[in-house]
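**Student:** Have a peek at entry.pdb (PDB, N, CA and C atoms).
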MODEL        1
ATOM      1  N   MET A   1       7.909  -6.530 -10.128  1.00  0.00           N
ATOM      2  CA  MET A   1       7.103  -5.643  -9.308  1.00  0.00           C
ATOM      3  C   MET A   1       5.642  -5.773  -9.727  1.00  0.00           C
ATOM      4  N   ALA A   2       4.774  -5.557  -8.783  1.00  0.00           N
ATOM      5  CA  ALA A   2       3.343  -5.630  -9.055  1.00  0.00           C
ATOM      6  C   ALA A   2       2.726  -4.239  -8.947  1.00  0.00           C
ATOM      7  N   ASP A   3       1.725  -3.996  -9.754  1.00  0.00           N
ATOM      8  CA  ASP A   3       0.963  -2.753  -9.668  1.00  0.00           C
ATOM      9  C   ASP A   3      -0.160  -2.999  -8.663  1.00  0.00           C
ATOM     10  N   ILE A   4       0.084  -2.651  -7.405  1.00  0.00           N
ATOM     11  CA  ILE A   4      -0.855  -2.934  -6.327  1.00  0.00           C
ATOM     12  C   ILE A   4      -2.207  -2.269  -6.576  1.00  0.00           C
ATOM     13  N   TYR A   5      -2.196  -1.044  -7.087  1.00  0.00           N
ATOM     14  CA  TYR A   5      -3.457  -0.346  -7.348  1.00  0.00           C
ATOM     15  C   TYR A   5      -4.280  -1.082  -8.396  1.00  0.00           C
ATOM     16  N   ALA A   6      -3.638  -1.544  -9.456  1.00  0.00           N
ATOM     17  CA  ALA A   6      -4.353  -2.282 -10.501  1.00  0.00           C
ATOM     18  C   ALA A   6      -4.891  -3.600  -9.961  1.00  0.00           C
ATOM     19  N   LEU A   7      -4.102  -4.287  -9.161  1.00  0.00           N
ATOM     20  CA  LEU A   7      -4.562  -5.548  -8.574  1.00  0.00           C
ATOM     21  C   LEU A   7      -5.757  -5.327  -7.652  1.00  0.00           C
ATOM     22  N   ALA A   8      -5.705  -4.266  -6.853  1.00  0.00           N
ATOM     23  CA  ALA A   8      -6.830  -3.956  -5.962  1.00  0.00           C
ATOM     24  C   ALA A   8      -8.080  -3.626  -6.770  1.00  0.00           C
ATOM     25  N   ARG A   9      -7.922  -2.842  -7.838  1.00  0.00           N
ATOM     26  CA  ARG A   9      -9.077  -2.499  -8.676  1.00  0.00           C
ATOM     27  C   ARG A   9      -9.685  -3.744  -9.331  1.00  0.00           C
ATOM     28  N   LEU A  10      -8.851  -4.673  -9.761  1.00  0.00           N
ATOM     29  CA  LEU A  10      -9.357  -5.915 -10.348  1.00  0.00           C
ATOM     30  C   LEU A  10     -10.168  -6.709  -9.334  1.00  0.00           C
ATOM     31  N   ARG A  11      -9.664  -6.810  -8.122  1.00  0.00           N
ATOM     32  CA  ARG A  11     -10.379  -7.565  -7.085  1.00  0.00           C
ATOM     33  C   ARG A  11     -11.679  -6.873  -6.703  1.00  0.00           C
ATOM     34  N   LEU A  12     -11.652  -5.543  -6.619  1.00  0.00           N
ATOM     35  CA  LEU A  12     -12.870  -4.806  -6.303  1.00  0.00           C
ATOM     36  C   LEU A  12     -13.886  -4.927  -7.432  1.00  0.00           C
ATOM     37  N   ALA A  13     -13.434  -4.847  -8.677  1.00  0.00           N
ATOM     38  CA  ALA A  13     -14.328  -4.982  -9.829  1.00  0.00           C
ATOM     39  C   ALA A  13     -14.976  -6.358  -9.846  1.00  0.00           C
ATOM     40  N   ALA A  14     -14.247  -7.379  -9.438  1.00  0.00           N
ATOM     41  CA  ALA A  14     -14.803  -8.734  -9.382  1.00  0.00           C
ATOM     42  C   ALA A  14     -15.933  -8.827  -8.362  1.00  0.00           C
ATOM     43  N   GLN A  15     -15.953  -7.906  -7.398  1.00  0.00           N
ATOM     44  CA  GLN A  15     -17.013  -7.867  -6.395  1.00  0.00           C
ATOM     45  C   GLN A  15     -18.103  -6.858  -6.765  1.00  0.00           C
ATOM     46  N   GLY A  16     -18.017  -6.286  -7.962  1.00  0.00           N
ATOM     47  CA  GLY A  16     -19.031  -5.352  -8.430  1.00  0.00           C
ATOM     48  C   GLY A  16     -18.779  -3.902  -8.049  1.00  0.00           C
ATOM     49  N   ILE A  17     -17.609  -3.593  -7.555  1.00  0.00           N
ATOM     50  CA  ILE A  17     -17.278  -2.222  -7.154  1.00  0.00           C
ATOM     51  C   ILE A  17     -16.471  -1.584  -8.278  1.00  0.00           C
ATOM     52  N   SER A  18     -17.056  -0.550  -8.891  1.00  0.00           N
ATOM     53  CA  SER A  18     -16.387   0.062 -10.036  1.00  0.00           C
ATOM     54  C   SER A  18     -15.911   1.485  -9.762  1.00  0.00           C
ATOM     55  N   ALA A  19     -16.461   2.129  -8.737  1.00  0.00           N
ATOM     56  CA  ALA A  19     -16.075   3.504  -8.427  1.00  0.00           C
ATOM     57  C   ALA A  19     -14.935   3.482  -7.412  1.00  0.00           C
ATOM     58  N   VAL A  20     -13.711   3.450  -7.906  1.00  0.00           N
ATOM     59  CA  VAL A  20     -12.523   3.428  -7.051  1.00  0.00           C
ATOM     60  C   VAL A  20     -11.700   4.664  -7.377  1.00  0.00           C
ATOM     61  N   TYR A  21     -11.384   5.437  -6.363  1.00  0.00           N
ATOM     62  CA  TYR A  21     -10.653   6.683  -6.569  1.00  0.00           C
ATOM     63  C   TYR A  21      -9.335   6.646  -5.809  1.00  0.00           C
ATOM     64  N   GLY A  22      -8.374   7.402  -6.269  1.00  0.00           N
ATOM     65  CA  GLY A  22      -7.095   7.486  -5.582  1.00  0.00           C
ATOM     66  C   GLY A  22      -6.084   6.556  -6.221  1.00  0.00           C
ATOM     67  N   GLY A  23      -4.988   6.419  -5.546  1.00  0.00           N
ATOM     68  CA  GLY A  23      -3.933   5.564  -6.073  1.00  0.00           C
ATOM     69  C   GLY A  23      -2.945   6.387  -6.872  1.00  0.00           C
ATOM     70  N   GLY A  24      -2.073   5.700  -7.523  1.00  0.00           N
ATOM     71  CA  GLY A  24      -1.089   6.367  -8.352  1.00  0.00           C
ATOM     72  C   GLY A  24       0.125   6.883  -7.593  1.00  0.00           C
ATOM     73  N   LEU A  25       0.203   6.611  -6.292  1.00  0.00           N
ATOM     74  CA  LEU A  25       1.369   7.042  -5.533  1.00  0.00           C
ATOM     75  C   LEU A  25       2.489   6.031  -5.715  1.00  0.00           C
ATOM     76  N   ASP A  26       3.701   6.524  -5.728  1.00  0.00           N
ATOM     77  CA  ASP A  26       4.865   5.658  -5.901  1.00  0.00           C
ATOM     78  C   ASP A  26       5.782   5.856  -4.703  1.00  0.00           C
ATOM     79  N   THR A  27       5.838   4.875  -3.817  1.00  0.00           N
ATOM     80  CA  THR A  27       6.639   5.013  -2.603  1.00  0.00           C
ATOM     81  C   THR A  27       8.130   5.006  -2.885  1.00  0.00           C
ATOM     82  N   PHE A  28       8.532   4.512  -4.039  1.00  0.00           N
ATOM     83  CA  PHE A  28       9.960   4.506  -4.383  1.00  0.00           C
ATOM     84  C   PHE A  28      10.441   5.892  -4.791  1.00  0.00           C
ATOM     85  N   THR A  29       9.674   6.582  -5.614  1.00  0.00           N
ATOM     86  CA  THR A  29      10.124   7.876  -6.132  1.00  0.00           C
ATOM     87  C   THR A  29       9.647   9.072  -5.318  1.00  0.00           C
ATOM     88  N   ASP A  30       8.603   8.922  -4.526  1.00  0.00           N
ATOM     89  CA  ASP A  30       8.047  10.040  -3.758  1.00  0.00           C
ATOM     90  C   ASP A  30       8.787  10.174  -2.425  1.00  0.00           C
ATOM     91  N   PRO A  31       9.491  11.281  -2.205  1.00  0.00           N
ATOM     92  CA  PRO A  31      10.280  11.432  -0.976  1.00  0.00           C
ATOM     93  C   PRO A  31       9.436  11.535   0.293  1.00  0.00           C
ATOM     94  N   ARG A  32       8.122  11.703   0.160  1.00  0.00           N
ATOM     95  CA  ARG A  32       7.258  11.755   1.345  1.00  0.00           C
ATOM     96  C   ARG A  32       7.146  10.398   2.028  1.00  0.00           C
ATOM     97  N   PHE A  33       7.503   9.327   1.315  1.00  0.00           N
ATOM     98  CA  PHE A  33       7.364   7.977   1.836  1.00  0.00           C
ATOM     99  C   PHE A  33       8.725   7.323   2.005  1.00  0.00           C
ATOM    100  N   PHE A  34       8.849   6.499   3.032  1.00  0.00           N
ATOM    101  CA  PHE A  34      10.063   5.710   3.189  1.00  0.00           C
ATOM    102  C   PHE A  34      10.020   4.569   2.185  1.00  0.00           C
ATOM    103  N   SER A  35      11.139   4.294   1.567  1.00  0.00           N
ATOM    104  CA  SER A  35      11.241   3.179   0.633  1.00  0.00           C
ATOM    105  C   SER A  35      12.446   2.331   1.002  1.00  0.00           C
ATOM    106  N   TYR A  36      12.204   1.086   1.341  1.00  0.00           N
ATOM    107  CA  TYR A  36      13.289   0.162   1.653  1.00  0.00           C
ATOM    108  C   TYR A  36      14.183  -0.018   0.430  1.00  0.00           C
ATOM    109  N   ARG A  37      13.583  -0.016  -0.754  1.00  0.00           N
ATOM    110  CA  ARG A  37      14.356  -0.184  -1.989  1.00  0.00           C
ATOM    111  C   ARG A  37      15.240   1.021  -2.276  1.00  0.00           C
ATOM    112  N   ARG A  38      14.791   2.206  -1.882  1.00  0.00           N
ATOM    113  CA  ARG A  38      15.530   3.431  -2.173  1.00  0.00           C
ATOM    114  C   ARG A  38      16.577   3.734  -1.097  1.00  0.00           C
ATOM    115  N   ALA A  39      16.325   3.334   0.136  1.00  0.00           N
ATOM    116  CA  ALA A  39      17.183   3.701   1.266  1.00  0.00           C
ATOM    117  C   ALA A  39      18.540   3.007   1.203  1.00  0.00           C
ATOM    118  N   THR A  40      19.557   3.777   1.532  1.00  0.00           N
ATOM    119  CA  THR A  40      20.886   3.174   1.631  1.00  0.00           C
ATOM    120  C   THR A  40      21.127   2.669   3.047  1.00  0.00           C
ATOM    121  N   ARG A  41      20.426   3.248   3.998  1.00  0.00           N
ATOM    122  CA  ARG A  41      20.525   2.800   5.385  1.00  0.00           C
ATOM    123  C   ARG A  41      19.114   2.499   5.863  1.00  0.00           C
ATOM    124  N   THR A  42      18.935   1.346   6.441  1.00  0.00           N
ATOM    125  CA  THR A  42      17.600   0.973   6.890  1.00  0.00           C
ATOM    126  C   THR A  42      17.601   0.727   8.384  1.00  0.00           C
ATOM    127  N   GLY A  43      16.439   0.837   8.959  1.00  0.00           N
ATOM    128  CA  GLY A  43      16.247   0.576  10.379  1.00  0.00           C
ATOM    129  C   GLY A  43      15.198  -0.501  10.550  1.00  0.00           C
ATOM    130  N   ARG A  44      14.566  -0.478  11.665  1.00  0.00           N
ATOM    131  CA  ARG A  44      13.523  -1.454  11.947  1.00  0.00           C
ATOM    132  C   ARG A  44      12.228  -0.710  12.218  1.00  0.00           C
ATOM    133  N   PHE A  45      11.132  -1.349  11.868  1.00  0.00           N
ATOM    134  CA  PHE A  45       9.814  -0.775  12.082  1.00  0.00           C
ATOM    135  C   PHE A  45       8.881  -1.914  12.452  1.00  0.00           C
ATOM    136  N   ALA A  46       8.057  -1.687  13.436  1.00  0.00           N
ATOM    137  CA  ALA A  46       7.118  -2.731  13.851  1.00  0.00           C
ATOM    138  C   ALA A  46       5.752  -2.114  14.107  1.00  0.00           C
ATOM    139  N   SER A  47       4.721  -2.907  13.884  1.00  0.00           N
ATOM    140  CA  SER A  47       3.350  -2.508  14.182  1.00  0.00           C
ATOM    141  C   SER A  47       2.693  -3.624  14.970  1.00  0.00           C
ATOM    142  N   LEU A  48       1.813  -3.243  15.853  1.00  0.00           N
ATOM    143  CA  LEU A  48       1.047  -4.213  16.617  1.00  0.00           C
ATOM    144  C   LEU A  48      -0.398  -3.764  16.589  1.00  0.00           C
ATOM    145  N   ILE A  49      -1.258  -4.646  16.139  1.00  0.00           N
ATOM    146  CA  ILE A  49      -2.678  -4.323  16.016  1.00  0.00           C
ATOM    147  C   ILE A  49      -3.467  -5.428  16.691  1.00  0.00           C
ATOM    148  N   TRP A  50      -4.435  -5.055  17.508  1.00  0.00           N
ATOM    149  CA  TRP A  50      -5.269  -6.070  18.141  1.00  0.00           C
ATOM    150  C   TRP A  50      -6.670  -5.522  18.329  1.00  0.00           C
ATOM    151  N   ILE A  51      -7.609  -6.437  18.542  1.00  0.00           N
ATOM    152  CA  ILE A  51      -9.009  -6.081  18.784  1.00  0.00           C
ATOM    153  C   ILE A  51      -9.397  -6.653  20.142  1.00  0.00           C
ATOM    154  N   GLU A  52      -9.900  -5.794  21.001  1.00  0.00           N
ATOM    155  CA  GLU A  52     -10.393  -6.254  22.295  1.00  0.00           C
ATOM    156  C   GLU A  52     -11.900  -6.407  22.199  1.00  0.00           C
ATOM    157  N   HIS A  53     -12.375  -7.548  22.581  1.00  0.00           N
ATOM    158  CA  HIS A  53     -13.819  -7.792  22.581  1.00  0.00           C
ATOM    159  C   HIS A  53     -14.395  -7.362  23.923  1.00  0.00           C
ATOM    160  N   ALA A  54     -15.497  -6.635  23.864  1.00  0.00           N
ATOM    161  CA  ALA A  54     -16.121  -6.126  25.094  1.00  0.00           C
ATOM    162  C   ALA A  54     -16.925  -7.192  25.790  1.00  0.00           C
TER     163      ALA A  54
ENDMDL
END
Would you mind writing the structure in this file as structure tokens?

**Tutor:**
Amino acid sequence: MADIYALARLRLAAQGISAVYGGGLDTFTDPRFFSYRRATRTGRFASLIWIEHA
């Protein structure tokens, strides 16, 4: 497993950004979030994102 927050902070620090707030959420243990790893039954989820140029 990777610590996504730590990886993001490292990449931001490499760009000179040191004031990073937030993070520390765990989608596996926090019941507010769906976790594929935690779920015994899974479904499907899809997202579609696009940009229309004017």

**Student:** If you measure from atom N of Phe45 of chain A to atom N of Asp30 of chain A, what distance in Å do you get, rounded to one decimal?

**Tutor:**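 Taking atom N of Phe45 of chain A and atom N of Asp30 of chain A, their separation equals 19.5 Å.
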
**Student:** Which distance in Å separates atom N of Asp3 of chain A and atom N of Ile49 of chain A, to one decimal?

**Tutor:**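 Atom-to-atom, atom N of Asp3 of chain A and atom N of Ile49 of chain A are spaced 26.1 Å apart.
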
**Student:** Step one, run DSSP on the backbone; step two, keep only residues of chain A assigned to helix (DSSP H, G or I); then write them as a PyMOL selection string.

**Tutor:** chain A and resi 4-14

**Student:** Closest to Leu25 of chain A among A:Glu52, A:Tyr5, A:Thr40, A:Ala46, using all atoms listed in the file?

**Tutor:**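 Closest residue, counting all atoms listed in the file: A:Tyr5.
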
**Student:** So how far away is atom C of Ala8 of chain A from atom N of Arg38 of chain A, in Å?

**Tutor:**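 Spanning atom N of Arg38 of chain A to atom C of Ala8 of chain A is a straight-line distance of 24.1 Å.
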
**Student:** Could you give me the centre and size, in Å to one decimal, of an axis-aligned box around all listed atoms of segment 29-48 of chain A with 6 Å added on every side, as lines of an AutoDock Vina configuration file?

**Tutor:**
center_x = 10.4
center_y = 3.8
center_z = 5.2
size_x = 33.5
size_y = 28.0
size_z = 34.7

**Student:** Give me, as a list in words, all polymer residues having an atom no more than 7 Å from Phe28 of chain A, counting only N, CA and C atoms and skipping those fewer than 6 positions away in the same chain.

**Tutor:**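 The filter keeps Phe34, Ser35, Arg37 and Arg38 of chain A.
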
**Student:** Choose the residue, out of A:Gly23, A:Ile51, A:Phe33, A:Ser18, that has the smallest atom-to-atom separation from Ala6 of chain A; count only N, CA and C atoms.

**Tutor:** A:Gly23
